[in-house]
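The next block is my_file_30.cif, given as mmCIF, C-alpha atoms.
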data_input
loop_
_atom_site.label_atom_id
_atom_site.label_comp_id
_atom_site.auth_asym_id
_atom_site.auth_seq_id
_atom_site.Cartn_x
_atom_site.Cartn_y
_atom_site.Cartn_z
CA MET A 5 32.40 -26.19 -29.78
CA ARG A 6 29.90 -26.04 -32.64
CA LEU A 7 28.11 -29.15 -31.38
CA ASN A 8 27.82 -27.64 -27.91
CA LEU A 9 26.39 -24.48 -29.42
CA ILE A 10 23.70 -26.43 -31.27
CA LYS A 11 22.90 -28.40 -28.11
CA SER A 12 22.56 -25.25 -26.02
CA ASN A 13 20.40 -23.57 -28.60
CA THR A 14 18.15 -26.64 -28.83
CA ILE A 15 17.70 -26.78 -25.04
CA LEU A 16 16.91 -23.08 -24.91
CA LEU A 17 14.42 -23.38 -27.75
CA ILE A 18 12.62 -26.28 -26.04
CA SER A 19 12.51 -24.30 -22.76
CA LEU A 20 10.95 -21.37 -24.55
CA LEU A 21 8.38 -23.59 -26.22
CA VAL A 22 7.42 -25.14 -22.87
CA VAL A 23 7.08 -21.73 -21.20
CA GLY A 24 5.25 -20.30 -24.19
CA CYS A 25 2.73 -23.14 -24.23
CA SER A 26 2.23 -22.93 -20.48
CA ARG A 27 0.79 -19.41 -20.76
CA GLN A 28 -1.97 -20.46 -23.17
CA GLY A 29 -5.37 -20.44 -21.49
CA ASN A 30 -4.22 -18.01 -18.83
CA THR A 31 -3.98 -14.58 -20.33
CA ASN A 32 -4.23 -12.86 -16.97
CA PRO A 33 -1.15 -11.36 -15.37
CA ASP A 34 0.05 -13.06 -12.23
CA VAL A 35 2.78 -10.70 -11.21
CA GLU A 36 2.08 -10.14 -7.55
CA GLY A 37 1.55 -13.63 -6.22
CA VAL A 38 -1.47 -15.39 -4.80
CA GLU A 39 -1.45 -13.45 -1.52
CA SER A 40 -2.30 -10.24 -3.35
CA GLN A 41 -5.03 -11.73 -5.52
CA GLY A 42 -8.76 -12.04 -5.22
CA SER A 43 -11.64 -13.24 -7.37
CA LEU A 44 -13.20 -10.93 -9.93
CA SER A 45 -16.77 -11.81 -10.94
CA LEU A 46 -18.29 -10.74 -14.21
CA VAL A 47 -22.07 -10.36 -14.11
CA ALA A 48 -24.68 -9.40 -16.70
CA ASN A 49 -27.83 -7.55 -15.72
CA GLY A 50 -30.91 -6.96 -17.87
CA GLU A 51 -32.58 -5.15 -14.96
CA ASP A 52 -36.19 -5.48 -13.84
CA PHE A 53 -37.50 -4.63 -17.30
CA VAL A 54 -36.26 -7.95 -18.62
CA ARG A 55 -37.05 -10.18 -15.65
CA GLU A 56 -40.40 -8.73 -14.57
CA GLY A 57 -41.75 -7.39 -17.84
CA PHE A 58 -42.85 -3.79 -18.40
CA VAL A 59 -45.21 -1.49 -20.28
CA THR A 60 -43.75 0.19 -23.34
CA LYS A 61 -44.12 3.87 -24.12
CA ASP A 62 -47.04 3.01 -26.42
CA GLY A 63 -48.90 0.87 -23.91
CA TRP A 64 -47.83 -2.70 -24.78
CA GLN A 65 -47.22 -5.04 -21.87
CA ILE A 66 -44.03 -6.94 -22.70
CA ASN A 67 -43.01 -10.20 -21.06
CA PHE A 68 -39.85 -11.98 -22.12
CA GLU A 69 -39.30 -15.72 -22.32
CA ARG A 70 -35.78 -15.23 -23.54
CA VAL A 71 -33.38 -12.34 -24.00
CA ASP A 72 -30.24 -13.80 -25.52
CA ILE A 73 -27.09 -11.79 -26.05
CA ALA A 74 -23.58 -12.96 -26.92
CA VAL A 75 -20.60 -11.20 -25.38
CA GLY A 76 -16.89 -11.73 -26.00
CA GLU A 77 -13.50 -10.13 -25.42
CA VAL A 78 -14.65 -8.88 -22.03
CA THR A 79 -11.83 -7.05 -20.24
CA ALA A 80 -11.72 -5.34 -16.85
CA TYR A 81 -9.15 -2.59 -16.28
CA GLN A 82 -7.60 -0.69 -13.41
CA VAL A 83 -7.25 2.93 -14.51
CA GLU A 84 -5.49 5.45 -12.28
CA GLY A 85 -7.79 8.43 -11.83
CA GLY A 86 -10.72 6.67 -13.52
CA PHE A 87 -11.79 6.45 -17.15
CA ASN A 88 -14.22 8.83 -18.81
CA PRO A 89 -16.01 7.09 -21.72
CA GLU A 90 -17.62 10.36 -22.80
CA ALA A 91 -14.16 11.49 -23.95
CA LYS A 92 -14.29 8.77 -26.66
CA SER A 93 -10.73 7.90 -25.80
CA GLN A 94 -8.99 4.57 -25.31
CA ILE A 95 -8.26 3.03 -21.97
CA LYS A 96 -4.77 3.32 -20.52
CA SER A 97 -4.22 0.78 -17.82
CA GLU A 98 -1.38 -1.18 -16.32
CA THR A 99 -3.61 -4.01 -15.14
CA ALA A 100 -6.06 -5.49 -17.58
CA ILE A 101 -7.82 -8.81 -17.04
CA ARG A 102 -9.43 -10.67 -19.91
CA LEU A 103 -12.51 -12.24 -18.31
CA VAL A 104 -14.14 -13.74 -21.41
CA GLN A 105 -12.44 -14.38 -24.74
CA GLU A 106 -14.79 -16.25 -27.10
CA ALA A 107 -18.46 -15.35 -27.60
CA GLN A 108 -20.63 -16.53 -24.73
CA THR A 109 -24.41 -16.50 -25.02
CA ILE A 110 -26.41 -15.38 -21.98
CA ASN A 111 -30.17 -15.34 -21.41
CA LEU A 112 -30.76 -12.14 -19.43
CA ALA A 113 -34.36 -13.18 -18.69
CA GLN A 114 -33.40 -16.30 -16.77
CA GLY A 115 -34.21 -16.60 -13.08
CA GLU A 116 -36.93 -15.22 -10.87
CA GLU A 117 -38.19 -11.65 -11.01
CA ASP A 118 -36.00 -10.64 -8.08
CA ALA A 119 -32.99 -12.70 -9.19
CA ASP A 120 -29.49 -11.34 -8.85
CA PRO A 121 -27.53 -10.42 -11.98
CA ILE A 122 -26.24 -13.45 -13.89
CA VAL A 123 -22.71 -14.55 -13.05
CA ILE A 124 -20.85 -15.27 -16.28
CA THR A 125 -17.40 -16.05 -14.96
CA GLN A 126 -15.11 -15.62 -11.98
CA SER A 127 -11.37 -15.17 -12.44
CA LYS A 128 -8.35 -14.77 -10.20
CA ALA A 129 -7.11 -11.21 -10.49
CA PRO A 130 -4.57 -8.90 -8.83
CA LYS A 131 -5.99 -6.69 -6.10
CA GLY A 132 -6.99 -3.17 -7.03
CA PHE A 133 -9.84 -1.09 -8.31
CA TYR A 134 -11.33 -2.35 -11.59
CA ASN A 135 -12.96 0.88 -12.69
CA ALA A 136 -13.27 0.32 -16.44
CA LEU A 137 -14.76 -2.46 -18.54
CA SER A 138 -15.01 -3.22 -22.23
CA TRP A 139 -16.78 -5.92 -24.19
CA LYS A 140 -18.06 -6.84 -27.63
CA MET A 141 -21.53 -7.91 -28.67
CA LEU A 142 -21.01 -10.83 -31.04
CA PRO A 143 -23.29 -13.02 -33.20
CA ILE A 144 -25.41 -15.58 -31.35
CA THR A 145 -25.29 -19.21 -32.41
CA ASP A 146 -29.02 -19.75 -32.80
CA GLN A 147 -31.28 -20.68 -35.69
CA SER A 148 -34.67 -19.64 -34.25
CA ILE A 149 -34.99 -17.10 -37.00
CA ALA A 150 -33.08 -16.63 -40.21
CA GLY A 151 -30.02 -14.48 -40.42
CA SER A 152 -27.29 -13.41 -38.03
CA HIS A 153 -28.13 -11.60 -34.81
CA THR A 154 -26.39 -10.31 -31.72
CA ILE A 155 -29.60 -10.00 -29.66
CA LEU A 156 -32.56 -12.38 -29.73
CA LEU A 157 -35.81 -11.45 -28.00
CA GLU A 158 -38.63 -13.93 -27.49
CA GLY A 159 -41.82 -13.21 -25.57
CA THR A 160 -45.32 -11.82 -25.66
CA ALA A 161 -46.70 -8.34 -26.17
CA THR A 162 -50.23 -7.61 -24.97
CA LYS A 163 -52.41 -4.56 -25.46
CA ALA A 164 -56.17 -4.44 -24.93
CA LYS A 165 -57.41 -7.76 -26.39
CA ARG A 166 -54.49 -8.32 -28.71
CA LYS A 167 -51.63 -10.63 -27.82
CA ILE A 168 -48.59 -11.09 -30.06
CA ASN A 169 -46.00 -13.85 -29.70
CA PHE A 170 -42.76 -12.41 -30.96
CA VAL A 171 -39.26 -13.53 -31.87
CA LEU A 172 -37.02 -10.64 -32.89
CA GLY A 173 -33.41 -10.78 -33.99
CA PHE A 174 -31.29 -7.63 -33.88
CA ASN A 175 -27.89 -7.71 -35.52
CA GLN A 176 -25.52 -5.00 -34.49
CA PRO A 177 -21.96 -6.09 -33.56
CA THR A 178 -20.82 -3.45 -31.09
CA LYS A 179 -17.90 -2.71 -28.81
CA TYR A 180 -18.65 -0.97 -25.53
CA VAL A 181 -15.91 0.81 -23.58
CA CYS A 182 -17.11 1.92 -20.17
CA GLY A 183 -15.86 3.53 -16.99
CA GLU A 184 -16.76 2.68 -13.42
CA PHE A 185 -20.06 1.08 -12.44
CA VAL A 186 -22.53 3.74 -11.27
CA GLY A 187 -25.26 2.56 -8.93
CA ASP A 188 -26.34 2.28 -5.31
CA SER A 189 -22.99 0.80 -4.34
CA ARG A 190 -19.50 0.86 -5.82
CA LYS A 191 -18.25 -2.23 -7.61
CA GLY A 192 -14.88 -3.44 -8.76
CA LEU A 193 -12.75 -2.81 -5.66
CA LEU A 194 -10.88 -6.10 -5.18
CA GLN A 195 -9.12 -6.85 -1.90
CA PRO A 196 -6.73 -9.80 -1.46
CA ASN A 197 -8.57 -13.11 -0.91
CA ASP A 198 -11.90 -11.38 -1.44
CA ILE A 199 -14.49 -11.19 -4.23
CA ALA A 200 -15.38 -8.12 -6.27
CA GLU A 201 -17.83 -7.70 -9.12
CA VAL A 202 -17.87 -5.89 -12.44
CA GLU A 203 -21.18 -5.57 -14.25
CA MET A 204 -22.42 -5.25 -17.81
CA THR A 205 -25.88 -3.66 -17.66
CA PHE A 206 -28.37 -3.63 -20.54
CA HIS A 207 -31.11 -0.99 -20.66
CA PHE A 208 -33.93 -2.45 -22.76
CA ASP A 209 -36.18 0.49 -21.97
CA HIS A 210 -34.01 2.38 -24.47
CA ILE A 211 -35.58 0.28 -27.25
CA PHE A 212 -39.21 0.10 -26.12
CA GLY A 213 -39.55 3.17 -23.91
CA ASP A 214 -41.10 3.29 -20.47
CA GLY A 215 -44.87 3.58 -20.00
CA GLU A 216 -44.30 4.99 -16.53
CA ALA A 217 -42.25 7.93 -17.82
CA ASP A 218 -43.68 11.04 -19.48
CA ALA A 219 -44.16 10.97 -23.23
CA ASP A 220 -41.71 13.84 -23.64
CA ASP A 221 -39.11 12.20 -21.41
CA GLU A 222 -35.81 11.56 -23.19
CA ILE A 223 -36.18 7.82 -22.73
CA ASN A 224 -39.46 7.83 -24.68
CA GLN A 225 -38.44 10.40 -27.25
CA ASN A 226 -35.56 8.22 -28.38
CA ALA A 227 -37.27 4.81 -28.09
CA VAL A 228 -39.05 2.97 -30.91
CA GLY A 229 -41.75 1.47 -28.71
CA PHE A 230 -43.54 -1.71 -29.77
CA GLN A 231 -46.32 -0.37 -32.01
CA PRO A 232 -44.17 -0.08 -35.17
CA LEU A 233 -43.24 -3.75 -34.67
CA ALA A 234 -46.83 -4.79 -33.89
CA ASP A 235 -47.86 -3.23 -37.19
CA LEU A 236 -45.65 -5.78 -38.94
CA ALA A 237 -47.22 -8.80 -37.19
CA THR A 238 -49.25 -11.35 -39.06
CA SER A 239 -52.26 -12.04 -36.80
CA ASP A 240 -50.74 -12.99 -33.42
CA THR A 241 -47.23 -13.87 -34.54
CA LEU A 242 -44.18 -11.73 -35.20
CA GLU A 243 -40.94 -13.38 -36.28
CA LEU A 244 -38.49 -10.97 -37.80
CA GLY A 245 -34.76 -10.89 -38.31
CA TRP A 246 -32.62 -7.81 -38.78
CA GLN A 247 -32.97 -7.76 -42.58
CA ASP A 248 -36.77 -7.97 -42.28
CA LEU A 249 -36.77 -5.04 -39.89
CA GLU A 250 -34.54 -2.98 -42.15
CA GLN A 251 -36.86 -3.63 -45.10
CA ASN A 252 -40.18 -3.15 -43.33
CA LEU A 253 -39.68 -0.39 -40.77
CA SER A 254 -39.69 3.20 -41.96
CA PRO A 255 -36.17 4.65 -42.33
CA GLU A 256 -36.81 6.86 -39.29
CA GLU A 257 -37.99 3.96 -37.11
CA TYR A 258 -35.13 1.74 -38.29
CA GLN A 259 -32.59 4.46 -37.45
CA LYS A 260 -34.20 4.96 -34.06
CA LEU A 261 -34.00 1.22 -33.41
CA THR A 262 -30.37 1.13 -34.51
CA ASN A 263 -29.47 3.99 -32.16
CA ALA A 264 -31.40 2.44 -29.28
CA ILE A 265 -29.63 -0.91 -29.66
CA ALA A 266 -26.27 0.86 -29.68
CA GLY A 267 -27.26 2.56 -26.41
CA LEU A 268 -28.15 -0.70 -24.64
CA GLY A 269 -24.80 -1.28 -22.95
CA HIS A 270 -24.10 0.44 -19.63
CA VAL A 271 -22.24 -0.15 -16.38
CA GLY A 272 -25.12 0.32 -13.96
CA GLU A 273 -26.25 3.86 -14.83
CA GLY A 274 -22.86 4.77 -16.23
CA HIS A 275 -22.67 5.31 -19.98
CA CYS A 276 -20.21 3.71 -22.39
CA SER A 277 -18.56 4.75 -25.61
CA VAL A 278 -19.78 2.75 -28.58
CA THR A 279 -18.00 1.60 -31.71
CA HIS A 280 -19.05 -0.86 -34.40
CA PRO A 281 -16.08 -3.12 -35.18
CA MET B 10 -37.05 43.44 52.36
CA LYS B 11 -35.24 46.52 51.41
CA ASN B 12 -35.06 47.55 47.81
CA TRP B 13 -31.29 46.98 47.55
CA GLN B 14 -31.75 43.54 49.09
CA VAL B 15 -34.45 42.69 46.53
CA LEU B 16 -32.15 43.79 43.68
CA LEU B 17 -29.25 41.76 45.08
CA TRP B 18 -31.47 38.70 45.45
CA LEU B 19 -32.73 39.08 41.84
CA GLY B 20 -29.20 39.65 40.62
CA LEU B 21 -27.87 36.52 42.30
CA ASN B 22 -30.78 34.50 40.93
CA CYS B 23 -30.09 35.73 37.43
CA MET B 24 -26.43 34.79 37.75
CA ALA B 25 -27.41 31.40 39.06
CA VAL B 26 -29.84 30.77 36.17
CA GLN B 27 -27.53 31.89 33.34
CA PRO B 28 -25.55 28.63 33.00
CA ALA B 29 -28.82 26.73 32.46
CA LEU B 30 -29.43 28.55 29.11
CA ALA B 31 -28.41 25.52 26.97
CA HIS B 32 -30.07 26.68 23.73
CA GLY B 33 -27.58 29.37 22.93
CA ALA B 34 -26.12 29.31 19.43
CA LYS B 35 -22.52 29.95 18.57
CA ILE B 36 -21.14 30.68 15.15
CA GLU B 37 -17.51 30.73 14.22
CA TYR B 38 -15.94 31.22 10.86
CA GLY B 39 -12.84 30.28 8.98
CA GLN B 40 -11.54 29.81 5.46
CA ALA B 41 -11.27 26.55 3.51
CA ALA B 42 -10.70 25.53 -0.08
CA ALA B 43 -13.90 24.07 -1.47
CA ILE B 44 -14.34 21.84 -4.49
CA ILE B 45 -17.24 22.65 -6.80
CA ILE B 46 -18.50 20.08 -9.27
CA ARG B 47 -21.05 20.77 -11.99
CA ALA B 48 -23.14 17.89 -13.39
CA THR B 49 -24.94 18.18 -16.71
CA TYR B 50 -26.64 15.88 -19.20
CA ASP B 51 -25.21 15.31 -22.66
CA ASP B 52 -27.19 18.23 -24.06
CA GLY B 53 -25.86 20.58 -21.39
CA THR B 54 -28.98 20.58 -19.21
CA PRO B 55 -27.97 20.81 -15.53
CA MET B 56 -28.58 17.74 -13.38
CA ALA B 57 -30.58 19.79 -10.89
CA GLN B 58 -31.54 18.28 -7.54
CA ALA B 59 -29.54 15.13 -8.30
CA GLN B 60 -28.05 12.87 -5.65
CA ALA B 61 -24.36 13.61 -5.02
CA VAL B 62 -22.11 11.27 -3.08
CA VAL B 63 -18.49 11.95 -2.13
CA TYR B 64 -15.97 9.18 -1.35
CA SER B 65 -12.73 9.86 0.50
CA PRO B 66 -9.50 8.12 -0.60
CA GLU B 67 -9.36 6.59 2.87
CA ASP B 68 -12.50 4.51 2.27
CA PRO B 69 -13.62 4.42 -1.35
CA THR B 70 -16.65 2.22 -0.67
CA THR B 71 -18.35 4.16 2.14
CA PRO B 72 -19.88 7.57 1.36
CA TRP B 73 -17.96 10.36 3.09
CA LEU B 74 -20.64 12.93 2.31
CA LYS B 75 -24.09 12.87 0.71
CA GLY B 76 -26.06 15.77 -0.66
CA MET B 77 -27.98 17.21 -3.59
CA THR B 78 -26.93 19.37 -6.50
CA ASP B 79 -28.53 22.80 -6.81
CA GLU B 80 -30.61 24.10 -9.72
CA LYS B 81 -27.41 24.66 -11.72
CA GLY B 82 -26.34 21.06 -11.16
CA GLU B 83 -23.60 22.25 -8.83
CA PHE B 84 -22.43 20.63 -5.62
CA THR B 85 -19.78 21.98 -3.27
CA PHE B 86 -17.75 20.20 -0.62
CA VAL B 87 -14.64 20.84 1.42
CA PRO B 88 -12.36 17.80 1.51
CA ASN B 89 -10.38 16.92 4.59
CA LYS B 90 -7.04 18.59 3.88
CA ASP B 91 -5.25 15.88 5.81
CA VAL B 92 -6.40 13.22 3.34
CA SER B 93 -4.64 13.38 0.00
CA GLY B 94 -5.49 11.19 -2.97
CA ASN B 95 -8.35 10.73 -5.38
CA TRP B 96 -11.64 12.04 -4.00
CA ASP B 97 -14.49 10.51 -6.03
CA VAL B 98 -17.83 12.24 -6.58
CA LYS B 99 -20.85 10.36 -7.94
CA VAL B 100 -23.94 12.12 -9.26
CA ARG B 101 -27.14 10.23 -10.12
CA GLN B 102 -30.60 11.14 -11.28
CA SER B 103 -33.44 9.16 -12.87
CA GLY B 104 -31.35 6.26 -14.06
CA HIS B 105 -28.49 8.42 -15.30
CA GLY B 106 -25.25 8.82 -13.47
CA SER B 107 -21.56 9.45 -13.62
CA ILE B 108 -18.58 9.45 -11.35
CA ILE B 109 -15.49 11.64 -11.38
CA SER B 110 -12.16 11.28 -9.64
CA ILE B 111 -10.53 14.46 -8.32
CA PRO B 112 -6.84 14.32 -7.29
CA ILE B 113 -6.46 16.39 -4.13
CA THR B 114 -3.31 17.15 -2.14
CA GLU B 115 -3.54 19.01 1.18
CA GLY B 116 -7.05 20.19 0.39
CA LEU B 117 -6.20 21.53 -3.06
CA ILE B 118 -6.63 20.08 -6.52
CA ALA B 119 -3.33 18.39 -7.29
CA SER B 120 -3.16 19.72 -10.83
CA GLU B 121 -4.89 22.65 -12.46
CA GLU B 122 -4.84 20.72 -15.70
CA LYS B 123 -7.79 18.53 -16.54
CA PRO B 124 -7.19 14.81 -16.01
CA GLU B 125 -5.47 13.06 -18.86
CA ILE B 126 -8.13 11.75 -21.19
CA ASP B 127 -6.21 10.85 -24.30
CA ARG B 128 -5.30 7.36 -23.40
CA VAL B 129 -3.66 4.53 -25.25
CA GLU B 130 -4.90 0.94 -25.34
CA LEU B 131 -2.62 -1.01 -23.04
CA LEU B 132 -3.35 -4.57 -24.01
CA SER B 133 -0.22 -5.03 -26.07
CA SER B 134 0.81 -8.49 -27.16
CA ASN B 135 3.25 -9.01 -24.28
CA SER B 136 1.28 -7.37 -21.48
CA ASP B 137 0.27 -10.83 -20.26
CA LEU B 138 3.83 -12.18 -20.01
CA THR B 139 5.19 -13.09 -16.62
CA PRO B 140 8.65 -11.81 -15.56
CA LEU B 141 10.06 -15.34 -16.07
CA GLN B 142 8.76 -15.40 -19.62
CA LYS B 143 10.20 -11.95 -20.32
CA ILE B 144 13.61 -12.98 -18.90
CA LEU B 145 13.64 -16.13 -21.05
CA MET B 146 12.73 -14.13 -24.13
CA ALA B 147 15.52 -11.65 -23.40
CA ALA B 148 17.96 -14.53 -22.77
CA ALA B 149 17.00 -16.09 -26.11
CA GLY B 150 17.71 -12.81 -27.86
CA ILE B 151 21.10 -12.40 -26.18
CA TRP B 152 22.01 -16.03 -26.86
CA GLY B 153 21.10 -15.47 -30.52
CA PHE B 154 23.60 -12.59 -30.70
CA ILE B 155 26.30 -14.67 -28.99
CA GLY B 156 25.65 -17.59 -31.33
CA THR B 157 25.91 -15.34 -34.37
CA ALA B 158 29.12 -13.76 -33.07
CA LEU B 159 30.66 -17.18 -32.41
CA PHE B 160 29.68 -18.35 -35.89
CA PHE B 161 31.44 -15.45 -37.60
CA SER B 162 34.46 -15.54 -35.27
CA ARG B 163 35.16 -19.29 -35.84
CA ASN B 164 38.56 -20.43 -37.23
CA PRO B 165 38.41 -20.47 -41.09
CA SER B 166 40.73 -23.50 -41.24
CA SER B 167 38.37 -25.59 -39.11
CA HIS B 168 35.59 -24.59 -41.44
CA GLN B 169 37.60 -25.73 -44.47
CA LYS B 170 38.44 -28.95 -42.65
CA SER B 171 34.85 -29.69 -41.97
CA VAL B 172 33.99 -28.98 -45.62
CA ARG B 173 36.67 -31.40 -46.83
CA GLN B 174 35.30 -34.13 -44.60
#
Taking this structure as input, can you express it in the form of structure tokens?
Amino acid sequence: MRLNLIKSNTILLISLLVVGCSRQGNTNPDVEGVESQGSLSLVANGEDFVREGFVTKDGWQINFERVDIAVGEVTAYQVEGGFNPEAKSQIKSETAIRLVQEAQTINLAQGEEDADPIVITQSKAPKGFYNALSWKMLPITDQSIAGSHTILLEGTATKAKRKINFVLGFNQPTKYVCGEFVGDSRKGLLQPNDIAEVEMTFHFDHIFGDGEADADDEINQNAVGFQPLADLATSDTLELGWQDLEQNLSPEEYQKLTNAIAGLGHVGEGHCSVTHP
Amino acid sequence: MKNWQVLLWLGLNCMAVQPALAHGAKIEYGQAAAIIIRATYDDGTPMAQAQAVVYSPEDPTTPWLKGMTDEKGEFTFVPNKDVSGNWDVKVRQSGHGSIISIPITEGLIASEEKPEIDRVELLSSNSDLTPLQKILMAAAGIWGFIGTALFFSRNPSSHQKSVRQ
């Protein structure tokens, strides 16, 4: 009797180990079967500002060679009745799909000027309306400049006859929790055997301002612009990490930059709640 | 032609022409429950003259109605009372936008209370488990209880015997 008990327990334990191991690498629920699934695409969009270049609020023409960000723990949610990030609350959802786990570095400036948003991953997911999204900005694995950074900008800034080659590292680990994508179309509605998209959008005009908007426009009032950074350049080169910026910018400009970086993450035009884990 | 004949002829002509007056306007009225939304920026400034788009629960990807907010940032619409569910309204202006979901049953807001906003993070440690995995975990727990019960209910003499051996 005792021997049988040990045998049964051993078999059960092995079964559990096998089942437990089989779920590793697939954290997504698969409760409704293949016939009720579709493919959920995660895309990142730096908008025209990043791909085409733009004029800052203080008249610098910016063109990017590289806009690296690292994102991780990206999760799409189905929330009954929608999720309001302005309420600074947590998401309650019965279907949550982890699209990216470990940090993944993306160059938002890649592709042609009119390129589509960058596809990061595509996962099988249960049908439904993915109307909330969260992700973390994590440190980039890059040694272009000293220090740790979550955003790396490389490009040129031109004004009148002056041209500055810059490499800037911003370090601000952030978690964004967002509601539904807000834009020309609706995104995230996944039908069986179809493809839907969820989008992380990054508004770099929040950092540099927009030369096409009025000076007293909110976007320009809250942006740092490029001039405070240009003032730190040695001749035609500017290579600064986050510590350098903290030490050399005025406290007001540094705070403005910090706030602007926190406000980068959006879902289209939809805002997100921001925390610093 | 006699006068009465002229009048009759004119009268008949008028009657004959009347149906051709196709530009007549007709106004009717009735009562319906309207939904009013008010869109503002973070600082409370109204989103005046912003684009407003309404989506019916029947087709959440195709706009059911498009319009503009007024100077107070308000937009009014009357949902189809035969279509119950979440009616979504999107408001956008100058790169800012938001979307709200309004639960409507038979043309009326389903609950007078504001939508639940205090939410709890769902992603608990076992939210990714399949039913099979959950059943196996439950079975392991039950089997553990049975095993423990059998251990304590065993015959003491057999235990002593096994110790002697």
Might you spell out which residues the PyMOL selection byres ((chain B and resi 57) around 8) would select in the displayed file, as a list in words? Pro55, Met56, Gln58, Ala59, Thr78, Asp79, Glu80, Lys81, Gly82 and Glu83 of chain B
Using all atoms listed in the file - which residues lie no farther than 7 Å from the point (-7.8, -5.8, -17.2) in the file's frame? Write them as a list in words.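 Collected hits near the coordinates: Thr79, Ala80, Tyr81, Gln82, Thr99, Ala100, Ile101 and Arg102 of chain A.
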Residues near Thr71 of chain B, cut-off 10 Å, all atoms listed in the file, skip fewer than 6 positions along chain, as a compact mmCIF listing (two decimals) with C-alpha atoms, in the frame of the given file:
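See out21.txt below for the written result:
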# COMPACT_ATOMS: atom_id res chain seq x y z
CA SER A 189 -22.99 0.80 -4.34
CA ARG A 190 -19.50 0.86 -5.82
CA VAL B 62 -22.11 11.27 -3.08
CA VAL B 63 -18.49 11.95 -2.13
CA TYR B 64 -15.97 9.18 -1.35
CA SER B 65 -12.73 9.86 0.50
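Considering the residues A:Phe185, A:Phe174, A:Trp64, A:Phe230 and counting all atoms listed in the file, chain B has its shortest atom-to-atom contact with A:Phe185.
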Please enumerate the residues selected by the PyMOL selection byres ((chain A and resi 162) around 10) when evaluated against the supplied file, formatted as a PyMOL selection string. chain A and resi 59+63-67+160-161+163-169+234
Could you list, as a VMD selection string, every residue matched by the PyMOL selection byres ((chain A and resi 103) around 10) in this structure? chain A and resid 31 to 32 44 to 46 76 to 80 100 to 102 104 to 106 124 to 129 139
Interatomic distance (Å, one decimal) between atom CA of Ala74 of chain A and atom CA of Gly106 of chain B: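 Answer for the atom CA of Ala74 of chain A to atom CA of Gly106 of chain B separation: 25.7 Å.
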Rank A:Glu51, A:Glu56, A:Glu250, A:Asp235 by their smallest atom-to-atom distance to chain B, using only C-alpha atoms, and report the top residue only. A:Glu51
Best match for closeness to chain A among B:Ile113, B:Ile36, B:Ile118, B:Ile108, counting all atoms listed in the file: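 Closest to chain A, using all atoms listed in the file: B:Ile108.
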For chain B, which residue out of A:Phe53, A:Tyr134, A:Phe87, A:Phe68 is the nearest one, using all atoms listed in the file? A:Phe87
Mind pulling up the distance from atom CA of Ile73 of chain A to atom CA of Gln147 of chain A? 13.8 Å
Distance in Å - atom CA of Thr279 of chain A versus atom CA of Leu156 of chain A: 20.3 Å
Considering all atoms listed in the file, can you say which of A:Ala227, A:Ala119, A:Val75, A:Val181 comes closest to chain B?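 Among the listed residues, the smallest separation from chain B belongs to A:Val181.
Residue nearest chain A within the list B:Val92, B:Pro66, B:Glu115, B:Gly33: B:Pro66 [criterion: smallest interatomic distance, all atoms listed in the file].
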Would you mind listing what lies within 12 Å of Trp96 of chain B as a PyMOL selection string, with all atoms listed in the file counted and same-chain residues fewer than 4 positions away left out? (chain A and resi 85-86) or (chain B and resi 44+46+62-70+72-74+86-90+92+108-119)
Please return, as a list of chain:residue names, all polymer residues that have at least one atom within 7 Å of the point (-22.0, -1.2, -20.5); use all atoms listed in the file and the file's own coordinate frame.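 So the residues meeting the distance criterion are A:Tyr180, A:Cys182, A:Met204, A:Thr205, A:Phe206, A:Gly269, A:His270, A:Val271, A:His275, A:Cys276.
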